[in-house]
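S.K.: Mind looking over this structure? Questions follow.
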Amino acid sequence: MLYALVLVPLAMAALAALAPGDRIRPRLLPLGAAAELALCLWTIHSAHPSGASPALGGWLMLDALGRLFLVWLNVFFLITMLYAPGYLAARSDRPNRVFCANLFLVQAMMTLVTLAHHLGLLWVAMESTTLATAPLLYFNRNTRSLEATWKYLVIGSVGIALALLGSFFLAYARLSAGLEPSLLFDDLVREAHGLSVTWLHAAFALLLIGYGTKLGLAPVHTWKPDAYGEAPGLAGAILAGAVSSCAFLAILRVYQICQAAEDAGFAAEMFVFAGLFSIAIAAASVARERDIKRMLAYSSVEHMGLLVLGVGLGGKAIYGALLHLINHGLAKGVLFLSAGNIHRAYGSKQAGAVTGAMRVLPGSAALFLAGFFAIAGSPPFGPFTSELVIAGEAAHQGRMIVLLLAILGVAVVFVGMSFTVLTVVQGEPPCAPDRSHFREHAAVLAPAAIFLALVLGLGLVIPDPVDRLLVDAARALEPSR
Amino acid sequence: MLPYLDSLVILVLVLNFVALGVTRVRAIVSSVAAQGVLLGLLALFIHADLAPRRVIMVGFMVVLKGIAIPRLLLHAMREANIVAEIRPVLGSMGSLLLGALGTALALLFAHTLPLADEQKRLLVVPASLATVWTGLVILTTRTTAIVQVLGYLVLENGVFLFGLLLLSAMPLLVESGVLLDLFTGVFVMGIIVHHISREAPGAGPDVSARTAE
């Protein structure tokens with residue numbers, strides 16, 4: 001069954017690559033995504049409570065953490081793919097064979113990340129997501145998207161190469177302690193007490209830098225503004241909501257090993273520092289940013305910082321961080337898809353050139369504005385709840401300086417983003433906006449509206465099945481008793 | 001362990017300095033290709049067991065790192081009309097000094113690491129760290145897109161060198177996956193280099209540099 005979870009999207013990728021017409025191909029995307037989500041839910045439902053049976057000699061396994069990420073990624077992917085037919089119909093000037101096939105490849109590799117219990121396999125899957133997403137960034141085929149793709153590839157590949165070295169260091173931590181070297185996650189966790197601390201620390205630092213590059217933590221976030229800025233809204237949403245989640249899962253896997261080695265204090269403090277630093281860099285950068293998609297990239301840096309900060313704080317903040325991962329993804333879904341509509345209609349994404357969107361595109365502008373309030377942590381949206389859980393744990397632990405710095409950073413980002421967002425949605429439209437024949441219709445509004453409904457819903461009530469997934473995943477990250 | 005293992009490792013280090021010191025792109029490609037072949041030889045000699053599976057993997061690595069990837073890059077160079085000479089941000093002398101400093105620090109640092117008994121007298125770990133450092137130096141001080149790809153390859157060679165100590169922990173499937181990802185990565189980068197040159201036809205490396213910055 002676990003094989004099928006990876007093979008179905010791979011088969012869909014082949015089908016999309018072979019499908020004859022640019023008009024038929026985009027329709028495969030929501031169909032394939034729905035089939036994969038159904039398969040994933042059925043796998044979880046039919047599995048033993050402790051997880052689905054391992055496959056490939058223990059290399060593939062669906063544990064509590066993997067379950068949360070598998071469900072989340074597939075729900076997110078399906079909603080995003082609902083946007084694809086409408087978007088690609090408006091982009092009939094571009095061939096979409098590579099774009100559609102690569103979206104399925106990304107889905108397959110992301111699924112593999114959630115199942116991988118071998119650090120080498122995890123690395124291969126993570127690197128493959130980088131390679132499969134690169135053509136998505138270059139969809140617009142202009143100089144800026146070329147530059148963004150180049151930065152994404154080079155910086156991402158270097159980061160991932162360092163993560164591979166970190167994985168080797170982990171295996172060497174066993175060898176150095178007289179154990180058989182292994183990259184199997186379960187071997188590393190089971191015999192974590194015997195790992196050489198020096199190599200474990202070095203491995204953690206490299207893996208945090210490596211996968212942190214994919215996550216977009218400062219200071220290794222420099223590819224993000226260009227990539228998010230030049231990618232189509234659909235690809236931006238995939239990067240922000242899904243690919244980042246995979247990188248976060250990879251970091252959490254390493255943290256689990258540190259927990260098992262009873263050496264998580266070192267890792268936790270590095271998380272807190274990296275989190276606060278990312279929030280600070282985002283706060284310093286977002287205020288000057290007038291490009292709406294680049295602004296979303298800096299917002300993403302801030303929220304990735306909040307995620308690792310939550311895990312670093314531990315306790316209830318771990319649950320808060322996992323909930324925030326979902327809330328952030330949902331809010332970014334709203335923002336990227338609506339920003340994509342605004343960009344297409346105006347032919348620009350610069351606040352100032354884009355004004356009065358509420359009059360030109362009332363649906364997209366309203367979604368963009370609501371998405372902004374959601375991502376800024378305003379009640380009653382989900383991010384308010386998850387940020388409150390993280391802040392509450394910091395206060396409970398008496399870490400007031402950490403709490404104050406985080407709140408200050410989040411507040412500065414809110415103010416910085418609000419200038420740009422309000423300029424875009426309010427005021428008078430430009431005299432002769434270049435609408436590029438783009439008109440709002442249900443196909444390009446509904447997916448963002450679904451994201452908004454979900455992020456609002458999670459702010460009001462966390463359904464029991466979601467809560468169970470989150471609690472089980474958070475428990476997997478707590479110190480073993 | 002065979003006595004000439006360290007000689008091969010020293011050759012890898014020498015090639016790092018060649019990559020840092022030369023300004024002709026072809027020469028850098030050649031040194032990276034030679035490093036790839038040396039890594040293959042090291043993979044053969046570092047462990048006593050010469051299982052057919054290992055020999056096949058080594059063959060795959062040598063073909064990929066020593067022949068396929070360099071040819072791909074030279075082809076991209078020809079197609080993209082990239083001029084043969086580069087002008088790095090940091091000159092050859094500065095790069096060599098930085099490389100020497102990194103290598104010395106790697107040797108000192110590796111001495112403090114808790115290495116497995118049978119590897120304490122080998123140069124593999126410091127050479128691996130020094131090669132990763134060399135890759136980072138090339139990546140950050142060369143603004144030409146194709147040389148940045150070469151810097152990435154040198155960095156990868158450093159990572160592979162360390163990986164040779166763990167061959168038993170790296171099953172064939174993962175090893176092939178890593179190599180395939182590397183090849184695909186370089187292939188995609190080669191395509192982007194080609195597109196960079198098409199965006200500014202007839203321009204030299206400075207244009208690709210501008211695009212890469």
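To be explicit about the labels: the chains of the structure tokens are called A, B, and onward in the order shown, and within each one the residues are counted from 1, while ligands get numbers from 1 in the order they are shown.
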Name all residues at most 7 Å from segment 89-95 of chain B (count only C-alpha atoms; drop same-chain ones fewer than 5 positions away) and give them as a PyMOL selection string.
M.R.: chain B and resi 20-22+141-142
S.K.: Convert the current residue selection to file output with N, CA and C atoms, as a short mmCIF file (atom, residue, chain, number, x, y, z; two decimals), in the first residue's frame.
M.R.:
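To be explicit, this is the file written out as again19.cif:
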```cif
data_model
loop_
_atom_site.label_atom_id
_atom_site.label_comp_id
_atom_site.auth_asym_id
_atom_site.auth_seq_id
_atom_site.Cartn_x
_atom_site.Cartn_y
_atom_site.Cartn_z
N LEU B 20 40.99 25.84 -8.06
CA LEU B 20 41.01 27.19 -7.50
C LEU B 20 41.96 28.12 -8.26
N GLY B 21 43.02 27.55 -8.80
CA GLY B 21 44.08 28.39 -9.36
C GLY B 21 43.93 28.73 -10.82
N VAL B 22 43.21 27.91 -11.59
CA VAL B 22 43.15 28.17 -13.03
C VAL B 22 41.98 29.09 -13.37
N THR B 141 33.03 32.78 -5.09
CA THR B 141 33.94 33.78 -5.66
C THR B 141 33.92 33.79 -7.19
N ARG B 142 33.15 32.88 -7.80
CA ARG B 142 33.03 32.87 -9.27
C ARG B 142 31.59 33.22 -9.61
#
```
S.K.: Fewer than 2 positions away in the same chain doesn't count, so skip those; otherwise give me all residues within 12 Å of Ala55 of chain A, counting only C-alpha atoms, as a ChimeraX atom specification.
M.R.: /A:1-5,51-53,57-62,115-118
S.K.: For segment 145-151 of chain B, find every residue with an atom within 9 Å (counting only C-alpha atoms), except residues of its own chain fewer than 3 positions away, and show them as a short mmCIF file (atom, residue, chain, number, x, y, z; two decimals) with all heavy atoms, in the first residue's frame.
M.R.:
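The new file out38.cif reads:
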```cif
data_model
loop_
_atom_site.label_atom_id
_atom_site.label_comp_id
_atom_site.auth_asym_id
_atom_site.auth_seq_id
_atom_site.Cartn_x
_atom_site.Cartn_y
_atom_site.Cartn_z
N TRP A 150 17.64 29.85 -11.30
CA TRP A 150 19.06 29.59 -11.09
C TRP A 150 19.42 29.65 -9.62
O TRP A 150 20.06 28.75 -9.07
CB TRP A 150 19.89 30.59 -11.90
CG TRP A 150 21.36 30.36 -11.72
CD1 TRP A 150 22.23 31.10 -11.00
CD2 TRP A 150 22.11 29.26 -12.27
NE1 TRP A 150 23.48 30.55 -11.05
CE2 TRP A 150 23.44 29.42 -11.82
CE3 TRP A 150 21.78 28.18 -13.08
CZ2 TRP A 150 24.43 28.53 -12.16
CZ3 TRP A 150 22.77 27.29 -13.41
CH2 TRP A 150 24.08 27.47 -12.96
N VAL A 154 20.77 26.49 -7.46
CA VAL A 154 22.14 26.47 -6.93
C VAL A 154 22.13 26.51 -5.40
O VAL A 154 22.74 25.65 -4.74
CB VAL A 154 22.98 27.63 -7.51
CG1 VAL A 154 24.32 27.73 -6.80
CG2 VAL A 154 23.21 27.39 -8.99
N ALA B 19 41.60 23.53 -9.40
CA ALA B 19 40.30 24.17 -9.68
C ALA B 19 40.28 25.60 -9.16
O ALA B 19 39.65 26.48 -9.75
CB ALA B 19 39.18 23.35 -9.06
N VAL B 25 37.98 27.73 -18.12
CA VAL B 25 36.85 26.89 -17.71
C VAL B 25 37.13 25.43 -18.02
O VAL B 25 36.84 24.54 -17.22
CB VAL B 25 35.55 27.36 -18.40
CG1 VAL B 25 34.37 26.50 -17.95
CG2 VAL B 25 35.28 28.82 -18.09
N ILE B 28 39.13 23.77 -15.43
CA ILE B 28 38.37 23.46 -14.20
C ILE B 28 37.51 22.21 -14.43
O ILE B 28 37.44 21.32 -13.58
CB ILE B 28 37.47 24.65 -13.78
CG1 ILE B 28 38.29 25.93 -13.67
CG2 ILE B 28 36.81 24.37 -12.43
CD1 ILE B 28 37.48 27.18 -13.38
N VAL B 29 36.90 22.14 -15.63
CA VAL B 29 36.09 20.95 -15.95
C VAL B 29 36.96 19.69 -15.87
O VAL B 29 36.56 18.68 -15.28
CB VAL B 29 35.46 21.08 -17.37
CG1 VAL B 29 34.76 19.78 -17.77
CG2 VAL B 29 34.47 22.23 -17.42
N VAL B 32 37.75 18.71 -12.27
CA VAL B 32 36.58 18.14 -11.60
C VAL B 32 36.33 16.71 -12.11
O VAL B 32 36.01 15.80 -11.34
CB VAL B 32 35.33 19.03 -11.81
CG1 VAL B 32 34.07 18.36 -11.28
CG2 VAL B 32 35.53 20.37 -11.12
N LEU B 73 28.75 19.49 -19.52
CA LEU B 73 29.11 20.88 -19.25
C LEU B 73 29.87 21.50 -20.43
O LEU B 73 29.63 22.66 -20.77
CB LEU B 73 29.94 20.97 -17.96
CG LEU B 73 29.15 20.67 -16.68
CD1 LEU B 73 30.08 20.63 -15.48
CD2 LEU B 73 28.06 21.71 -16.46
N ALA B 76 27.35 22.28 -22.98
CA ALA B 76 26.60 23.49 -22.62
C ALA B 76 27.45 24.72 -22.89
O ALA B 76 26.95 25.76 -23.35
CB ALA B 76 26.21 23.43 -21.15
N MET B 77 28.76 24.60 -22.62
CA MET B 77 29.68 25.73 -22.84
C MET B 77 29.73 26.12 -24.31
O MET B 77 29.68 27.30 -24.66
CB MET B 77 31.08 25.27 -22.42
CG MET B 77 31.77 26.16 -21.45
SD MET B 77 33.37 25.45 -21.12
CE MET B 77 34.38 26.57 -22.04
N ILE B 82 30.07 30.33 -24.18
CA ILE B 82 30.72 30.89 -23.00
C ILE B 82 32.22 31.00 -23.27
O ILE B 82 32.84 30.03 -23.73
CB ILE B 82 30.46 30.01 -21.76
CG1 ILE B 82 28.98 30.12 -21.39
CG2 ILE B 82 31.33 30.42 -20.57
CD1 ILE B 82 28.53 29.16 -20.32
N ILE B 86 37.72 32.96 -17.28
CA ILE B 86 36.83 33.63 -16.33
C ILE B 86 37.58 34.71 -15.57
O ILE B 86 38.80 34.66 -15.46
CB ILE B 86 36.21 32.63 -15.32
CG1 ILE B 86 37.30 31.82 -14.61
CG2 ILE B 86 35.20 31.74 -16.00
CD1 ILE B 86 36.86 31.21 -13.32
N THR B 134 36.52 23.94 -0.59
CA THR B 134 36.94 24.41 -1.91
C THR B 134 35.72 24.67 -2.80
O THR B 134 35.64 25.68 -3.51
CB THR B 134 37.86 23.36 -2.58
OG1 THR B 134 38.95 23.10 -1.70
CG2 THR B 134 38.38 23.84 -3.92
N GLY B 135 34.77 23.75 -2.75
CA GLY B 135 33.54 23.93 -3.54
C GLY B 135 32.83 25.20 -3.15
O GLY B 135 32.38 25.97 -4.02
N LEU B 136 32.75 25.47 -1.85
CA LEU B 136 32.07 26.69 -1.39
C LEU B 136 32.82 27.94 -1.84
O LEU B 136 32.20 28.94 -2.22
CB LEU B 136 31.93 26.67 0.15
CG LEU B 136 30.87 25.70 0.69
CD1 LEU B 136 30.96 25.60 2.21
CD2 LEU B 136 29.46 26.14 0.30
N VAL B 137 34.17 27.87 -1.81
CA VAL B 137 34.97 29.03 -2.25
C VAL B 137 34.71 29.30 -3.74
O VAL B 137 34.48 30.45 -4.15
CB VAL B 137 36.48 28.78 -2.00
CG1 VAL B 137 37.33 29.86 -2.68
CG2 VAL B 137 36.77 28.75 -0.51
N ILE B 138 34.71 28.25 -4.55
CA ILE B 138 34.46 28.43 -5.99
C ILE B 138 33.05 29.00 -6.21
O ILE B 138 32.85 29.93 -7.01
CB ILE B 138 34.64 27.10 -6.75
CG1 ILE B 138 36.10 26.65 -6.68
CG2 ILE B 138 34.21 27.23 -8.22
CD1 ILE B 138 36.38 25.28 -7.26
N LEU B 139 32.09 28.46 -5.48
CA LEU B 139 30.70 28.90 -5.65
C LEU B 139 30.53 30.38 -5.32
O LEU B 139 29.75 31.09 -5.97
CB LEU B 139 29.80 28.09 -4.73
CG LEU B 139 29.13 26.88 -5.36
CD1 LEU B 139 28.65 25.94 -4.28
CD2 LEU B 139 27.95 27.30 -6.22
N THR B 140 31.24 30.84 -4.29
CA THR B 140 31.01 32.20 -3.83
C THR B 140 31.92 33.23 -4.48
O THR B 140 31.64 34.43 -4.40
CB THR B 140 31.16 32.29 -2.30
OG1 THR B 140 32.38 31.64 -1.93
CG2 THR B 140 30.01 31.62 -1.59
N THR B 141 33.03 32.78 -5.09
CA THR B 141 33.94 33.78 -5.66
C THR B 141 33.92 33.79 -7.19
O THR B 141 34.62 34.58 -7.80
CB THR B 141 35.40 33.55 -5.19
OG1 THR B 141 35.80 32.24 -5.61
CG2 THR B 141 35.53 33.67 -3.69
N ARG B 142 33.15 32.88 -7.80
CA ARG B 142 33.03 32.87 -9.27
C ARG B 142 31.59 33.22 -9.61
O ARG B 142 30.67 32.59 -9.08
CB ARG B 142 33.33 31.48 -9.84
CG ARG B 142 34.78 31.21 -10.16
CD ARG B 142 35.66 31.21 -8.96
NE ARG B 142 37.02 30.77 -9.27
CZ ARG B 142 38.03 30.93 -8.47
NH1 ARG B 142 37.89 31.54 -7.30
NH2 ARG B 142 39.24 30.51 -8.80
N VAL B 154 32.42 20.18 -7.12
CA VAL B 154 33.56 19.98 -6.21
C VAL B 154 33.03 19.73 -4.79
O VAL B 154 33.48 18.82 -4.09
CB VAL B 154 34.52 21.19 -6.25
CG1 VAL B 154 35.59 21.06 -5.17
CG2 VAL B 154 35.19 21.30 -7.62
N LEU B 155 32.04 20.55 -4.40
CA LEU B 155 31.45 20.39 -3.07
C LEU B 155 30.86 18.97 -2.93
O LEU B 155 31.07 18.28 -1.93
CB LEU B 155 30.35 21.44 -2.90
CG LEU B 155 29.73 21.62 -1.52
CD1 LEU B 155 29.28 23.07 -1.34
CD2 LEU B 155 28.53 20.75 -1.29
N GLU B 156 30.14 18.55 -3.97
CA GLU B 156 29.56 17.19 -3.96
C GLU B 156 30.65 16.13 -3.87
O GLU B 156 30.47 15.12 -3.19
CB GLU B 156 28.75 16.97 -5.25
CG GLU B 156 27.31 17.46 -5.17
CD GLU B 156 26.40 16.42 -4.54
OE1 GLU B 156 26.89 15.36 -4.19
OE2 GLU B 156 25.20 16.71 -4.38
N VAL B 186 22.67 18.54 -12.42
CA VAL B 186 23.63 19.18 -13.33
C VAL B 186 22.99 19.34 -14.72
O VAL B 186 23.20 20.35 -15.41
CB VAL B 186 24.93 18.36 -13.41
CG1 VAL B 186 25.87 18.92 -14.46
CG2 VAL B 186 25.62 18.36 -12.07
N MET B 189 20.75 22.26 -14.51
CA MET B 189 21.58 23.47 -14.45
C MET B 189 22.15 23.78 -15.83
O MET B 189 22.24 24.94 -16.23
CB MET B 189 22.71 23.28 -13.44
CG MET B 189 22.27 23.36 -12.00
SD MET B 189 23.65 23.07 -10.89
CE MET B 189 22.83 22.85 -9.33
N GLY B 190 22.56 22.72 -16.56
CA GLY B 190 23.09 22.92 -17.91
C GLY B 190 22.05 23.57 -18.82
O GLY B 190 22.37 24.47 -19.60
N ILE B 192 19.62 25.50 -17.82
CA ILE B 192 19.45 26.89 -17.39
C ILE B 192 20.62 27.74 -17.91
O ILE B 192 20.42 28.87 -18.37
CB ILE B 192 19.38 26.99 -15.84
CG1 ILE B 192 18.21 26.16 -15.32
CG2 ILE B 192 19.26 28.43 -15.38
CD1 ILE B 192 16.85 26.70 -15.53
N VAL B 193 21.85 27.19 -17.86
CA VAL B 193 23.01 27.92 -18.39
C VAL B 193 22.76 28.26 -19.87
O VAL B 193 23.01 29.37 -20.33
CB VAL B 193 24.30 27.08 -18.24
CG1 VAL B 193 25.44 27.67 -19.06
CG2 VAL B 193 24.71 27.00 -16.78
N ILE B 196 20.29 31.01 -20.05
CA ILE B 196 20.91 32.28 -19.63
C ILE B 196 21.60 32.91 -20.84
O ILE B 196 21.46 34.10 -21.11
CB ILE B 196 21.92 32.06 -18.48
CG1 ILE B 196 21.18 31.77 -17.18
CG2 ILE B 196 22.81 33.28 -18.29
CD1 ILE B 196 22.09 31.37 -16.02
N PRO B 205 30.73 35.61 -20.09
CA PRO B 205 30.33 35.12 -18.78
C PRO B 205 29.74 36.20 -17.88
O PRO B 205 29.01 35.90 -16.95
CB PRO B 205 31.62 34.58 -18.19
CG PRO B 205 32.70 35.25 -18.94
CD PRO B 205 32.17 35.53 -20.30
N SER B 208 26.02 36.01 -17.89
CA SER B 208 25.52 34.90 -17.07
C SER B 208 25.79 35.20 -15.61
O SER B 208 25.03 34.81 -14.73
CB SER B 208 26.12 33.57 -17.48
OG SER B 208 27.38 33.73 -18.03
N ALA B 209 26.88 35.93 -15.37
CA ALA B 209 27.18 36.31 -14.01
C ALA B 209 26.07 37.20 -13.47
O ALA B 209 25.57 37.00 -12.37
CB ALA B 209 28.50 37.05 -13.95
N THR B 211 23.10 37.38 -14.39
CA THR B 211 21.86 36.62 -14.20
C THR B 211 21.96 35.74 -12.97
O THR B 211 20.97 35.47 -12.31
CB THR B 211 21.59 35.75 -15.43
OG1 THR B 211 21.84 36.54 -16.57
CG2 THR B 211 20.17 35.27 -15.47
N ALA B 212 23.17 35.31 -12.69
CA ALA B 212 23.32 34.39 -11.57
C ALA B 212 23.36 35.11 -10.23
O ALA B 212 23.19 34.51 -9.21
CB ALA B 212 24.60 33.59 -11.74
#
```
S.K.: Which is closest to chain A among B:Ala130, B:Leu153, B:Val125, B:Leu115, if we use only C-alpha atoms?
M.R.: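 The closest residue to chain A is B:Leu115.
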S.K.: Using only C-alpha atoms, which of A:Leu215, A:Val106, A:Leu41, A:Leu239 sits nearest Gly329 of chain A?
M.R.: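 Under the stated criterion, the closest residue is A:Leu239.
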S.K.: Just the residues within 9 Å of Pro114 of chain B, please, counting only C-alpha atoms, with nothing from its chain fewer than 2 positions along; format it as a VMD selection string.
M.R.: (chain A and resid 173 176 to 177 196 198 to 199) or (chain B and resid 110 to 112 116 to 117 120)
S.K.: Save out the residues we just selected, all heavy atoms, as a PDB file, in the first residue's frame.
M.R.:
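Writing the result to result_1.pdb gives the following:
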```pdb
ATOM      1  N   ALA A 173      28.431   8.895  13.294  1.00  0.00           N
ATOM      2  CA  ALA A 173      28.293   8.978  14.752  1.00  0.00           C
ATOM      3  C   ALA A 173      28.117   7.566  15.329  1.00  0.00           C
ATOM      4  O   ALA A 173      28.488   7.305  16.470  1.00  0.00           O
ATOM      5  CB  ALA A 173      27.107   9.856  15.127  1.00  0.00           C
ATOM      6  N   SER A 176      31.743   5.754  14.756  1.00  0.00           N
ATOM      7  CA  SER A 176      32.710   6.277  15.707  1.00  0.00           C
ATOM      8  C   SER A 176      32.487   5.688  17.103  1.00  0.00           C
ATOM      9  O   SER A 176      33.417   5.575  17.902  1.00  0.00           O
ATOM     10  CB  SER A 176      32.585   7.801  15.744  1.00  0.00           C
ATOM     11  OG  SER A 176      33.286   8.337  16.792  1.00  0.00           O
ATOM     12  N   ALA A 177      31.220   5.308  17.381  1.00  0.00           N
ATOM     13  CA  ALA A 177      30.908   4.738  18.691  1.00  0.00           C
ATOM     14  C   ALA A 177      31.002   3.212  18.683  1.00  0.00           C
ATOM     15  O   ALA A 177      30.555   2.559  19.625  1.00  0.00           O
ATOM     16  CB  ALA A 177      29.510   5.175  19.108  1.00  0.00           C
ATOM     17  N   SER A 196      28.067   9.081  18.948  1.00  0.00           N
ATOM     18  CA  SER A 196      29.102  10.025  19.362  1.00  0.00           C
ATOM     19  C   SER A 196      28.500  11.434  19.374  1.00  0.00           C
ATOM     20  O   SER A 196      27.936  11.894  18.376  1.00  0.00           O
ATOM     21  CB  SER A 196      30.266   9.963  18.366  1.00  0.00           C
ATOM     22  OG  SER A 196      30.934  11.194  18.337  1.00  0.00           O
ATOM     23  N   THR A 198      29.889  14.390  19.549  1.00  0.00           N
ATOM     24  CA  THR A 198      30.546  15.363  18.661  1.00  0.00           C
ATOM     25  C   THR A 198      29.975  15.264  17.247  1.00  0.00           C
ATOM     26  O   THR A 198      29.600  16.269  16.628  1.00  0.00           O
ATOM     27  CB  THR A 198      32.064  15.084  18.597  1.00  0.00           C
ATOM     28  OG1 THR A 198      32.546  14.967  19.924  1.00  0.00           O
ATOM     29  CG2 THR A 198      32.805  16.173  17.868  1.00  0.00           C
ATOM     30  N   TRP A 199      29.893  14.020  16.753  1.00  0.00           N
ATOM     31  CA  TRP A 199      29.390  13.844  15.391  1.00  0.00           C
ATOM     32  C   TRP A 199      27.902  14.158  15.311  1.00  0.00           C
ATOM     33  O   TRP A 199      27.420  14.675  14.294  1.00  0.00           O
ATOM     34  CB  TRP A 199      29.662  12.405  14.908  1.00  0.00           C
ATOM     35  CG  TRP A 199      31.093  12.182  14.543  1.00  0.00           C
ATOM     36  CD1 TRP A 199      32.023  11.500  15.268  1.00  0.00           C
ATOM     37  CD2 TRP A 199      31.784  12.670  13.379  1.00  0.00           C
ATOM     38  NE1 TRP A 199      33.236  11.525  14.627  1.00  0.00           N
ATOM     39  CE2 TRP A 199      33.124  12.228  13.478  1.00  0.00           C
ATOM     40  CE3 TRP A 199      31.408  13.433  12.277  1.00  0.00           C
ATOM     41  CZ2 TRP A 199      34.085  12.519  12.497  1.00  0.00           C
ATOM     42  CZ3 TRP A 199      32.355  13.730  11.307  1.00  0.00           C
ATOM     43  CH2 TRP A 199      33.673  13.275  11.427  1.00  0.00           C
TER      44      TRP A 199
ATOM     45  N   ALA B 110      40.014  17.984  11.858  1.00  0.00           N
ATOM     46  CA  ALA B 110      39.787  16.532  11.780  1.00  0.00           C
ATOM     47  C   ALA B 110      40.581  15.800  12.862  1.00  0.00           C
ATOM     48  O   ALA B 110      40.165  14.751  13.348  1.00  0.00           O
ATOM     49  CB  ALA B 110      40.164  16.018  10.401  1.00  0.00           C
ATOM     50  N   HIS B 111      41.720  16.391  13.236  1.00  0.00           N
ATOM     51  CA  HIS B 111      42.576  15.783  14.251  1.00  0.00           C
ATOM     52  C   HIS B 111      41.851  15.712  15.603  1.00  0.00           C
ATOM     53  O   HIS B 111      42.110  14.846  16.425  1.00  0.00           O
ATOM     54  CB  HIS B 111      43.859  16.608  14.376  1.00  0.00           C
ATOM     55  CG  HIS B 111      44.909  15.946  15.202  1.00  0.00           C
ATOM     56  ND1 HIS B 111      45.492  14.758  14.822  1.00  0.00           N
ATOM     57  CD2 HIS B 111      45.460  16.281  16.396  1.00  0.00           C
ATOM     58  CE1 HIS B 111      46.358  14.403  15.756  1.00  0.00           C
ATOM     59  NE2 HIS B 111      46.351  15.304  16.716  1.00  0.00           N
ATOM     60  N   THR B 112      40.925  16.671  15.824  1.00  0.00           N
ATOM     61  CA  THR B 112      40.220  16.721  17.113  1.00  0.00           C
ATOM     62  C   THR B 112      38.957  15.859  17.111  1.00  0.00           C
ATOM     63  O   THR B 112      38.314  15.703  18.143  1.00  0.00           O
ATOM     64  CB  THR B 112      39.808  18.171  17.450  1.00  0.00           C
ATOM     65  OG1 THR B 112      38.841  18.591  16.468  1.00  0.00           O
ATOM     66  CG2 THR B 112      40.983  19.119  17.425  1.00  0.00           C
ATOM     67  N   ALA B 116      36.883   6.735  13.919  1.00  0.00           N
ATOM     68  CA  ALA B 116      36.991   5.300  14.158  1.00  0.00           C
ATOM     69  C   ALA B 116      38.468   4.905  14.069  1.00  0.00           C
ATOM     70  O   ALA B 116      39.223   5.508  13.289  1.00  0.00           O
ATOM     71  CB  ALA B 116      36.175   4.546  13.119  1.00  0.00           C
ATOM     72  N   ASP B 117      38.865   3.909  14.877  1.00  0.00           N
ATOM     73  CA  ASP B 117      40.291   3.561  15.004  1.00  0.00           C
ATOM     74  C   ASP B 117      40.976   3.346  13.649  1.00  0.00           C
ATOM     75  O   ASP B 117      42.085   3.842  13.420  1.00  0.00           O
ATOM     76  CB  ASP B 117      40.443   2.291  15.857  1.00  0.00           C
ATOM     77  CG  ASP B 117      40.140   2.600  17.312  1.00  0.00           C
ATOM     78  OD1 ASP B 117      40.210   3.793  17.664  1.00  0.00           O
ATOM     79  OD2 ASP B 117      39.801   1.666  18.054  1.00  0.00           O
ATOM     80  N   LYS B 120      41.849   6.690  11.781  1.00  0.00           N
ATOM     81  CA  LYS B 120      42.566   7.789  12.440  1.00  0.00           C
ATOM     82  C   LYS B 120      43.785   8.234  11.649  1.00  0.00           C
ATOM     83  O   LYS B 120      44.172   9.390  11.666  1.00  0.00           O
ATOM     84  CB  LYS B 120      42.968   7.380  13.847  1.00  0.00           C
ATOM     85  CG  LYS B 120      41.825   7.598  14.842  1.00  0.00           C
ATOM     86  CD  LYS B 120      42.220   7.295  16.236  1.00  0.00           C
ATOM     87  CE  LYS B 120      41.016   7.556  17.147  1.00  0.00           C
ATOM     88  NZ  LYS B 120      41.036   6.776  18.345  1.00  0.00           N
TER      89      LYS B 120
END
```
S.K.: Could you jot down the atom CA of Leu337 of chain A to atom CA of Asn102 of chain A separation for me, Å, one decimal place?
M.R.: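 Going from atom CA of Leu337 of chain A over to atom CA of Asn102 of chain A covers 18.8 Å.
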S.K.: Provide as a ChimeraX atom specification the residues of chain A at most 10 Å from chain B, counting only C-alpha atoms.
M.R.: /A:118-125,127-128,130-132,134-135,138,141-144,146-151,153-155,157-158,160-169,171-178,180-184,196-199
S.K.: Find the residue from A:Ala442, A:Ile279, A:Met295, A:Ala351 that sits nearest to Leu404 of chain A; use only C-alpha atoms when measuring.
M.R.: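 Of the candidates, the smallest distance to Leu404 of chain A is held by A:Ile279.
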S.K.: Can you pull out the residues contacting segment 18-30 of chain A? Cut-off 8 Å, using only C-alpha atoms, and skip same-chain residues under 2 positions away; I want them as a PyMOL selection string.
M.R.: chain A and resi 12+14-16+32-34+78-79+81-82+84-85+88-89+92+95-97+100+104
S.K.: Find the residues around Arg288 of chain A up to 10 Å (only C-alpha atoms counted), leave out those fewer than 4 positions away in its own chain, and share them as a VMD selection string.
M.R.: chain A and resid 283 to 284 295 416 to 417 419 to 420
S.K.: Run DSSP on the backbone of this structure and report the residues of segment 8-158 of chain B it assigns to helix (DSSP H, G or I), as a ChimeraX atom specification.
M.R.: /B:8-21,25-45,52-79,92-112,117-119,124-141,145-158
S.K.: Work out how far apart atom CA of Met400 of chain A and atom CA of Leu460 of chain A are and give it in Å to one decimal.
M.R.: 27.5 Å
S.K.: I need the residue nearest Leu369 of chain A from this list: A:Ala395, A:Leu452, A:Leu249, A:Ala203. Use only C-alpha atoms for the distance.
M.R.: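 Ranked by minimum distance to Leu369 of chain A, first place goes to A:Leu452.
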